[in-house]
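Next up, target_26.json (JSON, C-alpha atoms and all ligand atoms):
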[["chain", "number", "residue", "atom", "x", "y", "z"],
["A", 120, "MET", "CA", -13.25, -13.76, 11.10],
["A", 121, "SER", "CA", -13.48, -10.00, 11.36],
["A", 122, "ASP", "CA", -15.65, -7.98, 8.97],
["A", 123, "TYR", "CA", -12.85, -5.48, 8.64],
["A", 124, "LEU", "CA", -10.06, -5.40, 6.14],
["A", 125, "LEU", "CA", -8.03, -3.19, 8.45],
["A", 126, "ASN", "CA", -8.66, -3.39, 12.17],
["A", 127, "ILE", "CA", -6.35, -1.39, 14.38],
["A", 128, "SER", "CA", -6.86, -0.56, 18.02],
["A", 129, "GLY", "CA", -5.07, 0.78, 21.07],
["A", 130, "VAL", "CA", -2.31, 2.67, 19.29],
["A", 131, "ASN", "CA", -0.16, 4.84, 21.50],
["A", 132, "LYS", "CA", 2.85, 6.78, 20.31],
["A", 133, "ARG", "CA", 5.03, 9.13, 22.28],
["A", 134, "PHE", "CA", 7.77, 11.43, 20.97],
["A", 135, "GLY", "CA", 9.84, 12.36, 24.03],
["A", 136, "GLY", "CA", 7.49, 14.35, 26.23],
["A", 137, "LEU", "CA", 4.73, 14.55, 23.64],
["A", 138, "GLN", "CA", 1.93, 11.98, 23.56],
["A", 139, "ALA", "CA", 1.26, 12.12, 19.81],
["A", 140, "LEU", "CA", -1.33, 9.30, 19.75],
["A", 141, "THR", "CA", -3.53, 8.13, 22.63],
["A", 142, "ASP", "CA", -5.44, 4.87, 22.26],
["A", 143, "VAL", "CA", -6.23, 5.49, 18.60],
["A", 144, "GLY", "CA", -7.91, 2.88, 16.39],
["A", 145, "ILE", "CA", -9.42, 2.54, 12.95],
["A", 146, "GLN", "CA", -11.72, -0.05, 11.40],
["A", 147, "ILE", "CA", -12.06, -0.18, 7.63],
["A", 148, "ARG", "CA", -14.37, -2.54, 5.75],
["A", 149, "PRO", "CA", -13.38, -4.01, 2.39],
["A", 150, "GLY", "CA", -14.15, -1.68, -0.52],
["A", 151, "GLN", "CA", -14.42, 1.48, 1.55],
["A", 152, "VAL", "CA", -12.73, 4.78, 0.87],
["A", 153, "TYR", "CA", -11.80, 5.82, 4.37],
["A", 154, "GLY", "CA", -10.63, 9.28, 5.36],
["A", 155, "LEU", "CA", -8.47, 10.47, 8.23],
["A", 156, "ILE", "CA", -8.83, 14.18, 8.98],
["A", 157, "GLY", "CA", -8.06, 16.62, 11.77],
["A", 158, "PRO", "CA", -6.50, 20.01, 12.40],
["A", 159, "ASN", "CA", -2.75, 20.57, 12.00],
["A", 160, "GLY", "CA", -0.71, 18.57, 14.47],
["A", 161, "ALA", "CA", -3.64, 16.26, 15.32],
["A", 162, "GLY", "CA", -1.53, 13.15, 14.73],
["A", 163, "LYS", "CA", -2.76, 12.09, 11.27],
["A", 164, "THR", "CA", 0.68, 11.65, 9.74],
["A", 165, "THR", "CA", 1.98, 9.93, 12.86],
["A", 166, "PHE", "CA", -0.91, 7.44, 12.80],
["A", 167, "PHE", "CA", -0.48, 6.87, 9.07],
["A", 168, "ASN", "CA", 3.23, 6.30, 9.53],
["A", 169, "VAL", "CA", 2.57, 3.83, 12.33],
["A", 170, "ILE", "CA", 0.06, 1.90, 10.19],
["A", 171, "THR", "CA", 2.54, 1.71, 7.31],
["A", 172, "GLY", "CA", 5.57, 0.71, 9.40],
["A", 173, "LEU", "CA", 7.51, 3.96, 9.24],
["A", 174, "TYR", "CA", 7.15, 4.76, 12.95],
["A", 175, "GLN", "CA", 7.21, 2.18, 15.70],
["A", 176, "PRO", "CA", 4.17, 2.43, 18.00],
["A", 177, "ASP", "CA", 4.51, 2.09, 21.77],
["A", 178, "SER", "CA", 1.47, -0.20, 21.70],
["A", 179, "GLY", "CA", -1.32, -1.28, 19.38],
["A", 180, "LYS", "CA", -3.07, -4.23, 17.76],
["A", 181, "PHE", "CA", -2.83, -4.53, 13.98],
["A", 182, "GLU", "CA", -4.89, -6.79, 11.73],
["A", 183, "LEU", "CA", -5.20, -6.93, 7.97],
["A", 184, "ALA", "CA", -7.87, -9.21, 6.48],
["A", 185, "GLY", "CA", -8.32, -10.95, 9.80],
["A", 186, "LYS", "CA", -4.63, -11.73, 10.23],
["A", 187, "PRO", "CA", -2.30, -9.95, 12.61],
["A", 188, "TYR", "CA", 0.41, -7.98, 10.84],
["A", 189, "SER", "CA", 3.46, -6.42, 12.28],
["A", 190, "PRO", "CA", 4.04, -2.79, 11.36],
["A", 191, "SER", "CA", 7.72, -3.25, 12.23],
["A", 192, "ALA", "CA", 9.05, -1.90, 8.91],
["A", 193, "PRO", "CA", 7.66, -0.53, 5.63],
["A", 194, "HIS", "CA", 8.69, -3.64, 3.66],
["A", 195, "ALA", "CA", 6.90, -5.91, 6.16],
["A", 196, "VAL", "CA", 3.76, -3.83, 5.78],
["A", 197, "ALA", "CA", 4.04, -3.87, 1.97],
["A", 198, "LYS", "CA", 4.40, -7.65, 2.08],
["A", 199, "ALA", "CA", 1.31, -7.90, 4.28],
["A", 200, "GLY", "CA", -0.63, -6.10, 1.53],
["A", 201, "ILE", "CA", -0.62, -2.37, 2.26],
["A", 202, "ALA", "CA", 0.85, -0.03, -0.37],
["A", 203, "ARG", "CA", 1.31, 3.66, 0.27],
["A", 204, "THR", "CA", 2.17, 6.91, -1.40],
["A", 205, "PHE", "CA", 3.93, 9.84, 0.20],
["A", 206, "GLN", "CA", 3.01, 13.47, 0.75],
["A", 207, "ASN", "CA", 6.27, 14.44, -0.92],
["A", 208, "ILE", "CA", 6.35, 12.52, -4.15],
["A", 209, "ARG", "CA", 8.96, 9.76, -4.08],
["A", 210, "LEU", "CA", 9.47, 8.55, -7.61],
["A", 211, "PHE", "CA", 12.62, 7.47, -9.39],
["A", 212, "GLY", "CA", 12.92, 10.75, -11.26],
["A", 213, "GLU", "CA", 15.43, 9.56, -13.87],
["A", 214, "MET", "CA", 13.43, 6.44, -14.76],
["A", 215, "THR", "CA", 10.52, 6.38, -17.17],
["A", 216, "ALA", "CA", 6.94, 6.24, -15.96],
["A", 217, "LEU", "CA", 6.71, 2.60, -17.09],
["A", 218, "GLU", "CA", 9.92, 1.64, -15.27],
["A", 219, "ASN", "CA", 8.66, 3.26, -12.07],
["A", 220, "VAL", "CA", 5.57, 1.06, -12.15],
["A", 221, "MET", "CA", 7.61, -2.03, -13.09],
["A", 222, "VAL", "CA", 9.73, -1.54, -9.97],
["A", 223, "GLY", "CA", 6.53, -1.62, -7.90],
["A", 224, "ARG", "CA", 5.46, -4.80, -9.66],
["A", 225, "HIS", "CA", 8.76, -6.57, -9.01],
["A", 226, "VAL", "CA", 7.84, -6.71, -5.33],
["A", 227, "ARG", "CA", 5.36, -9.38, -6.38],
["A", 228, "SER", "CA", 7.45, -11.14, -9.04],
["A", 229, "LYS", "CA", 8.85, -14.62, -8.52],
["A", 230, "GLN", "CA", 12.16, -13.88, -10.15],
["A", 231, "GLY", "CA", 12.71, -10.62, -8.34],
["A", 232, "VAL", "CA", 14.94, -7.85, -9.58],
["A", 233, "PHE", "CA", 18.00, -10.13, -9.91],
["A", 234, "GLY", "CA", 16.19, -12.62, -12.07],
["A", 235, "ALA", "CA", 15.16, -9.79, -14.32],
["A", 236, "ILE", "CA", 18.74, -8.57, -14.58],
["A", 237, "PHE", "CA", 20.21, -11.99, -15.46],
["A", 238, "ARG", "CA", 17.41, -12.60, -17.92],
["A", 239, "HIS", "CA", 16.80, -16.30, -17.55],
["A", 240, "LYS", "CA", 14.05, -17.47, -19.86],
["A", 241, "ALA", "CA", 11.47, -17.64, -17.09],
["A", 242, "ALA", "CA", 12.53, -14.17, -16.02],
["A", 243, "ARG", "CA", 12.13, -12.84, -19.56],
["A", 244, "ILE", "CA", 8.59, -14.17, -19.77],
["A", 245, "GLU", "CA", 7.74, -12.75, -16.39],
["A", 246, "GLU", "CA", 9.36, -9.45, -17.34],
["A", 247, "ALA", "CA", 7.09, -9.16, -20.38],
["A", 248, "ALA", "CA", 4.06, -9.80, -18.21],
["A", 249, "ILE", "CA", 5.22, -7.19, -15.71],
["A", 250, "ARG", "CA", 5.73, -4.69, -18.51],
["A", 251, "ALA", "CA", 2.25, -5.35, -19.91],
["A", 252, "ARG", "CA", 0.65, -5.02, -16.47],
["A", 253, "ALA", "CA", 2.59, -1.79, -15.81],
["A", 254, "GLN", "CA", 1.28, -0.32, -19.06],
["A", 255, "GLU", "CA", -2.24, -1.38, -18.09],
["A", 256, "LEU", "CA", -1.88, 0.43, -14.77],
["A", 257, "LEU", "CA", -0.60, 3.58, -16.46],
["A", 258, "ASP", "CA", -3.62, 3.45, -18.77],
["A", 259, "PHE", "CA", -5.88, 2.92, -15.76],
["A", 260, "VAL", "CA", -4.62, 6.03, -13.95],
["A", 261, "GLY", "CA", -4.82, 8.00, -17.20],
["A", 262, "ILE", "CA", -1.17, 8.50, -18.16],
["A", 263, "GLY", "CA", -0.62, 5.57, -20.50],
["A", 264, "GLN", "CA", 0.51, 7.92, -23.26],
["A", 265, "PHE", "CA", 3.47, 9.00, -21.10],
["A", 266, "ALA", "CA", 4.82, 5.50, -20.44],
["A", 267, "ASN", "CA", 8.23, 6.31, -21.89],
["A", 268, "ARG", "CA", 8.55, 9.80, -20.46],
["A", 269, "THR", "CA", 11.16, 10.36, -17.75],
["A", 270, "ALA", "CA", 9.21, 10.65, -14.50],
["A", 271, "LYS", "CA", 10.68, 14.01, -13.49],
["A", 272, "TYR", "CA", 9.31, 15.61, -16.67],
["A", 273, "LEU", "CA", 5.71, 14.65, -15.91],
["A", 274, "SER", "CA", 3.38, 17.34, -14.58],
["A", 275, "TYR", "CA", 2.79, 17.42, -10.85],
["A", 276, "GLY", "CA", -0.68, 15.89, -11.13],
["A", 277, "ASP", "CA", 0.63, 13.14, -13.41],
["A", 278, "GLN", "CA", 3.49, 12.35, -11.01],
["A", 279, "ARG", "CA", 0.87, 11.79, -8.31],
["A", 280, "ARG", "CA", -1.03, 9.47, -10.67],
["A", 281, "LEU", "CA", 2.19, 7.63, -11.36],
["A", 282, "GLU", "CA", 2.78, 7.13, -7.64],
["A", 283, "ILE", "CA", -0.68, 5.66, -7.35],
["A", 284, "ALA", "CA", -0.04, 3.35, -10.33],
["A", 285, "ARG", "CA", 3.20, 2.19, -8.72],
["A", 286, "ALA", "CA", 1.41, 1.47, -5.45],
["A", 287, "LEU", "CA", -1.33, -0.44, -7.30],
["A", 288, "ALA", "CA", 1.34, -2.50, -9.02],
["A", 289, "THR", "CA", 1.93, -4.41, -5.79],
["A", 290, "ASP", "CA", -1.73, -5.60, -5.88],
["A", 291, "PRO", "CA", -2.32, -4.23, -2.41],
["A", 292, "GLN", "CA", -5.31, -5.14, -0.29],
["A", 293, "LEU", "CA", -5.22, -1.60, 1.04],
["A", 294, "LEU", "CA", -4.02, 1.50, -0.77],
["A", 295, "ALA", "CA", -2.89, 4.19, 1.67],
["A", 296, "LEU", "CA", -2.59, 7.70, 0.24],
["A", 297, "ASP", "CA", -0.85, 10.49, 2.13],
["A", 298, "GLU", "CA", -2.39, 13.81, 1.07],
["A", 299, "PRO", "CA", -2.85, 12.88, -2.58],
["A", 300, "ALA", "CA", -4.36, 16.29, -3.45],
["A", 301, "ALA", "CA", -1.57, 18.34, -1.85],
["A", 302, "GLY", "CA", -0.40, 21.08, -4.20],
["A", 303, "MET", "CA", -3.00, 20.27, -6.83],
["A", 304, "ASN", "CA", -5.09, 22.88, -8.60],
["A", 305, "ALA", "CA", -8.89, 22.58, -8.81],
["A", 306, "THR", "CA", -8.85, 20.73, -12.16],
["A", 307, "GLU", "CA", -6.24, 18.25, -10.95],
["A", 308, "LYS", "CA", -8.25, 17.67, -7.77],
["A", 309, "LEU", "CA", -11.35, 16.90, -9.77],
["A", 310, "ALA", "CA", -9.41, 14.41, -11.89],
["A", 311, "LEU", "CA", -7.91, 12.86, -8.74],
["A", 312, "ARG", "CA", -11.37, 12.46, -7.30],
["A", 313, "GLU", "CA", -12.48, 10.66, -10.45],
["A", 314, "LEU", "CA", -9.47, 8.37, -10.26],
["A", 315, "LEU", "CA", -10.16, 7.50, -6.63],
["A", 316, "VAL", "CA", -13.77, 6.66, -7.46],
["A", 317, "LYS", "CA", -12.48, 4.43, -10.27],
["A", 318, "ILE", "CA", -10.13, 2.68, -7.85],
["A", 319, "LYS", "CA", -13.00, 2.16, -5.43],
["A", 320, "ASN", "CA", -15.16, 0.78, -8.24],
["A", 321, "GLU", "CA", -12.43, -1.79, -8.89],
["A", 322, "GLY", "CA", -13.12, -3.04, -5.36],
["A", 323, "LYS", "CA", -9.97, -1.61, -3.78],
["A", 324, "THR", "CA", -9.98, -0.36, -0.23],
["A", 325, "VAL", "CA", -8.43, 3.05, 0.25],
["A", 326, "LEU", "CA", -7.26, 4.94, 3.33],
["A", 327, "LEU", "CA", -6.37, 8.56, 2.84],
["A", 328, "ILE", "CA", -5.25, 11.59, 4.78],
["A", 329, "GLU", "CA", -6.23, 14.83, 3.15],
["A", 330, "HIS", "CA", -6.40, 18.46, 4.19],
["A", 331, "ASP", "CA", -9.10, 19.31, 1.70],
["A", 332, "VAL", "CA", -12.11, 18.57, 3.90],
["A", 333, "LYS", "CA", -14.59, 19.34, 1.12],
["A", 334, "LEU", "CA", -12.95, 16.75, -1.13],
["A", 335, "MET", "CA", -13.02, 14.23, 1.72],
["A", 336, "MET", "CA", -16.69, 14.81, 2.51],
["A", 337, "GLY", "CA", -17.66, 14.14, -1.10],
["A", 338, "LEU", "CA", -15.42, 11.13, -1.53],
["A", 339, "CYS", "CA", -15.17, 9.09, 1.67],
["A", 340, "ASP", "CA", -17.56, 6.39, 2.88],
["A", 341, "ARG", "CA", -16.44, 6.98, 6.44],
["A", 342, "ILE", "CA", -14.13, 9.35, 8.24],
["A", 343, "THR", "CA", -12.15, 9.34, 11.48],
["A", 344, "VAL", "CA", -11.31, 12.69, 13.03],
["A", 345, "LEU", "CA", -8.28, 13.14, 15.24],
["A", 346, "GLU", "CA", -7.50, 16.04, 17.55],
["A", 347, "TYR", "CA", -4.54, 16.24, 19.92],
["A", 348, "GLY", "CA", -3.73, 12.61, 19.14],
["A", 349, "LYS", "CA", -7.17, 11.30, 20.09],
["A", 350, "ARG", "CA", -10.08, 10.05, 18.02],
["A", 351, "ILE", "CA", -12.84, 12.62, 18.56],
["A", 352, "ALA", "CA", -15.31, 11.37, 15.95],
["A", 353, "GLU", "CA", -15.96, 8.52, 13.51],
["A", 354, "GLY", "CA", -18.78, 8.13, 11.03],
["A", 355, "VAL", "CA", -20.21, 8.89, 7.62],
["A", 356, "PRO", "CA", -19.46, 12.37, 6.23],
["A", 357, "ALA", "CA", -22.96, 13.72, 7.00],
["A", 358, "GLU", "CA", -22.51, 12.82, 10.69],
["A", 359, "ILE", "CA", -18.97, 14.15, 10.84],
["A", 360, "GLN", "CA", -19.97, 17.47, 9.30],
["A", 361, "LYS", "CA", -22.45, 18.25, 12.05],
["A", 362, "ASP", "CA", -20.54, 16.74, 14.96],
["A", 363, "PRO", "CA", -20.06, 19.51, 17.57],
["A", 364, "ALA", "CA", -16.61, 18.21, 18.62],
["A", 365, "VAL", "CA", -15.43, 18.27, 15.00],
["A", 366, "ILE", "CA", -16.81, 21.74, 14.39],
["A", 367, "ALA", "CA", -15.13, 22.99, 17.57],
["A", 368, "ALA", "CA", -11.82, 21.34, 16.60],
["A", 369, "TYR", "CA", -11.78, 23.04, 13.21],
["A", 370, "LEU", "CA", -13.18, 26.39, 14.29],
["A", 371, "GLY", "CA", -11.10, 26.50, 17.45],
["A", 372, "GLY", "CA", -7.93, 26.95, 15.43],
["A", 373, "ALA", "CA", -5.99, 26.02, 18.54],
["A", 374, "HIS", "CA", -3.33, 24.23, 16.49],
["B", 401, "LIG", "N1", 9.25, 12.61, 14.39],
["B", 401, "LIG", "C1", 8.69, 13.38, 15.34],
["B", 401, "LIG", "N2", 9.36, 13.76, 16.45],
["B", 401, "LIG", "C2", 8.78, 14.53, 17.39],
["B", 401, "LIG", "N3", 7.52, 14.99, 17.34],
["B", 401, "LIG", "C3", 6.81, 14.67, 16.26],
["B", 401, "LIG", "C4", 7.33, 13.86, 15.19],
["B", 401, "LIG", "N4", 6.38, 13.71, 14.24],
["B", 401, "LIG", "C5", 5.30, 14.39, 14.69],
["B", 401, "LIG", "N5", 5.56, 14.95, 15.88],
["B", 401, "LIG", "C6", 4.60, 15.74, 16.69],
["B", 401, "LIG", "O1", 3.45, 14.93, 16.88],
["B", 401, "LIG", "C7", 2.27, 15.73, 16.78],
["B", 401, "LIG", "C8", 1.40, 15.18, 15.67],
["B", 401, "LIG", "O2", 2.00, 15.48, 14.41],
["B", 401, "LIG", "P1", 1.50, 14.90, 13.02],
["B", 401, "LIG", "O3", 2.47, 15.34, 11.99],
["B", 401, "LIG", "O4", 1.21, 13.47, 13.15],
["B", 401, "LIG", "O5", 0.13, 15.71, 12.85],
["B", 401, "LIG", "P2", -0.76, 15.89, 11.55],
["B", 401, "LIG", "O6", -2.16, 15.75, 12.01],
["B", 401, "LIG", "O7", -0.30, 15.00, 10.48],
["B", 401, "LIG", "O8", -0.46, 17.39, 11.20],
["B", 401, "LIG", "P3", -0.42, 18.13, 9.76],
["B", 401, "LIG", "O9", -1.85, 18.25, 9.36],
["B", 401, "LIG", "O10", 0.16, 19.45, 10.14],
["B", 401, "LIG", "O11", 0.42, 17.31, 8.84],
["B", 401, "LIG", "C9", 2.72, 17.16, 16.52],
["B", 401, "LIG", "O12", 2.73, 17.84, 17.76],
["B", 401, "LIG", "C10", 4.12, 16.99, 15.97],
["B", 401, "LIG", "O13", 4.92, 18.10, 16.29]]
So, in terms of structure tokens, how does the structure I just supplied come out?
Amino acid sequence: MSDYLLNISGVNKRFGGLQALTDVGIQIRPGQVYGLIGPNGAGKTTFFNVITGLYQPDSGKFELAGKPYSPSAPHAVAKAGIARTFQNIRLFGEMTALENVMVGRHVRSKQGVFGAIFRHKAARIEEAAIRARAQELLDFVGIGQFANRTAKYLSYGDQRRLEIARALATDPQLLALDEPAAGMNATEKLALRELLVKIKNEGKTVLLIEHDVKLMMGLCDRITVLEYGKRIAEGVPAEIQKDPAVIAAYLGGAH
């Protein structure tokens, strides 16, 4: 059995004439916070979207917790145990914060959404448990006091927290975050960092793409750097920071 929670290798992805990913892989151990960085257009989003089933790769080997998984569609990936958030927040704006998290939780419920609607006794009991767990998750990410607030009225930083709570509601083995600090001010970034450390301390494994390299260096256990669709470096932040290829990629500004 592999030591890795996520073990991906040989990913190629072409868009028409553009080779967006060339033989890219990533190996993440359980409990790590793992970062994916690289200059604009390096292929980070493409790779992330391939891992989470949004884009179909031309080739690649995908394993989660030692078992092959098929990144054929987002729901298949979610079922395998990977939950993600999006760069552009995708919440149900008209629903409350609590309801947004409950929807995430229903992915795991026995009765499913229909059971909850028809309110059989078993469904009612399960519904109460889902509600309690959703509240717990809101408390965990620090917005428990806004449980009944309509999602669209939450501040930007709190909406991001809510997205993370909703992703956690599926009890994922891997939490994949797409630029969680995008658009955040310095205070919100600091709070996000604290939250990610808390998630790590709960034993969760996290993969994130983030443009804020400073944030990544202080937060990640390991980092993969992409440039022009290829992996140019992999290692702990201290190694990455002084890697000549990484420095050249960022200073080059070719993208
Ligand atoms: N759906 C698509 N169709 C065609 N080309 C695409 C598509 N998505 C990405 N690309 C191209 O693939 C390359 C990699 O883009 P990608 O968005 O993955 O990079 P990135 O590292 O996430 O960049 P950024 O930091 O700017 O978000 C770019 O040249 C981009 O134009």
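Considering all atoms listed in the file, the residue among A:Leu314, A:Leu326, A:Met335, A:Ala216 positioned nearest to Glu282 in chain A is A:Ala216.
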I'd like the contact shell of Thr171 in chain A - 6 Å cut-off, all atoms listed in the file, skipping same-chain residues fewer than 3 positions apart - returned as a PDB file with C-alpha atoms, in the frame of the given file.
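Now in around_35.pdb:
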ATOM      1  CA  ASN A 168       3.230   6.300   9.530  1.00  0.00           C
ATOM      2  CA  PRO A 193       7.660  -0.530   5.630  1.00  0.00           C
ATOM      3  CA  VAL A 196       3.760  -3.830   5.780  1.00  0.00           C
TER       4      VAL A 196
END
Would you mind listing the residues within 7 Å of ligand LIG 401 (chain B), counting all atoms listed in the file, as JSON, numbers by chain?
{"A": [134, 137, 139, 157, 158, 159, 160, 161, 162, 163, 164, 165, 166, 330, 348]}
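Atom pair CA of Ala284 in chain A / CA of Lys186 in chain A: separated by 25.9 Å.
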Find the nearest atom pair between each residue of range 125-219 of chain A and range 240-258 of chain A for residues within 9 Å, count all atoms listed in the file, give distances in Å to one decimal, sort rows by chain and ascending number, and present the table as a tab-separated table.
residue	atom	partner	partner_atom	distance
A:Ala216	CA	A:Leu257	CA	8.0
A:Leu217	CA	A:Ala253	CA	6.2
A:Glu218	CA	A:Ala253	CA	8.1
A:Asn219	CA	A:Ala253	CA	8.7
Nearest candidate to Thr324 in chain A (options A:Arg350, A:Lys361, A:Lys198, A:Arg341; using only C-alpha atoms):
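Nearest to Thr324 in chain A: A:Arg341.
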From the block I gave, I'd like range 289-306 of chain A written with C-alpha atoms, as a PDB file, in the first residue's frame.
ATOM      1  CA  THR A 289     -18.640  15.709   3.017  1.00  0.00           C
ATOM      2  CA  ASP A 290     -15.945  14.309   5.377  1.00  0.00           C
ATOM      3  CA  PRO A 291     -13.387  14.381   2.601  1.00  0.00           C
ATOM      4  CA  GLN A 292     -10.080  12.571   2.753  1.00  0.00           C
ATOM      5  CA  LEU A 293      -8.611  15.457   0.805  1.00  0.00           C
ATOM      6  CA  LEU A 294      -9.719  19.075   0.871  1.00  0.00           C
ATOM      7  CA  ALA A 295      -8.775  20.881  -2.344  1.00  0.00           C
ATOM      8  CA  LEU A 296      -8.847  24.683  -2.184  1.00  0.00           C
ATOM      9  CA  ASP A 297      -8.660  26.818  -5.308  1.00  0.00           C
ATOM     10  CA  GLU A 298      -7.069  30.160  -4.390  1.00  0.00           C
ATOM     11  CA  PRO A 299      -8.730  30.467  -0.995  1.00  0.00           C
ATOM     12  CA  ALA A 300      -7.052  33.823  -0.264  1.00  0.00           C
ATOM     13  CA  ALA A 301      -8.053  35.455  -3.564  1.00  0.00           C
ATOM     14  CA  GLY A 302      -9.508  38.908  -2.957  1.00  0.00           C
ATOM     15  CA  MET A 303      -8.853  38.801   0.764  1.00  0.00           C
ATOM     16  CA  ASN A 304      -7.334  41.665   2.722  1.00  0.00           C
ATOM     17  CA  ALA A 305      -4.356  41.127   5.046  1.00  0.00           C
ATOM     18  CA  THR A 306      -6.514  40.517   8.142  1.00  0.00           C
TER      19      THR A 306
END
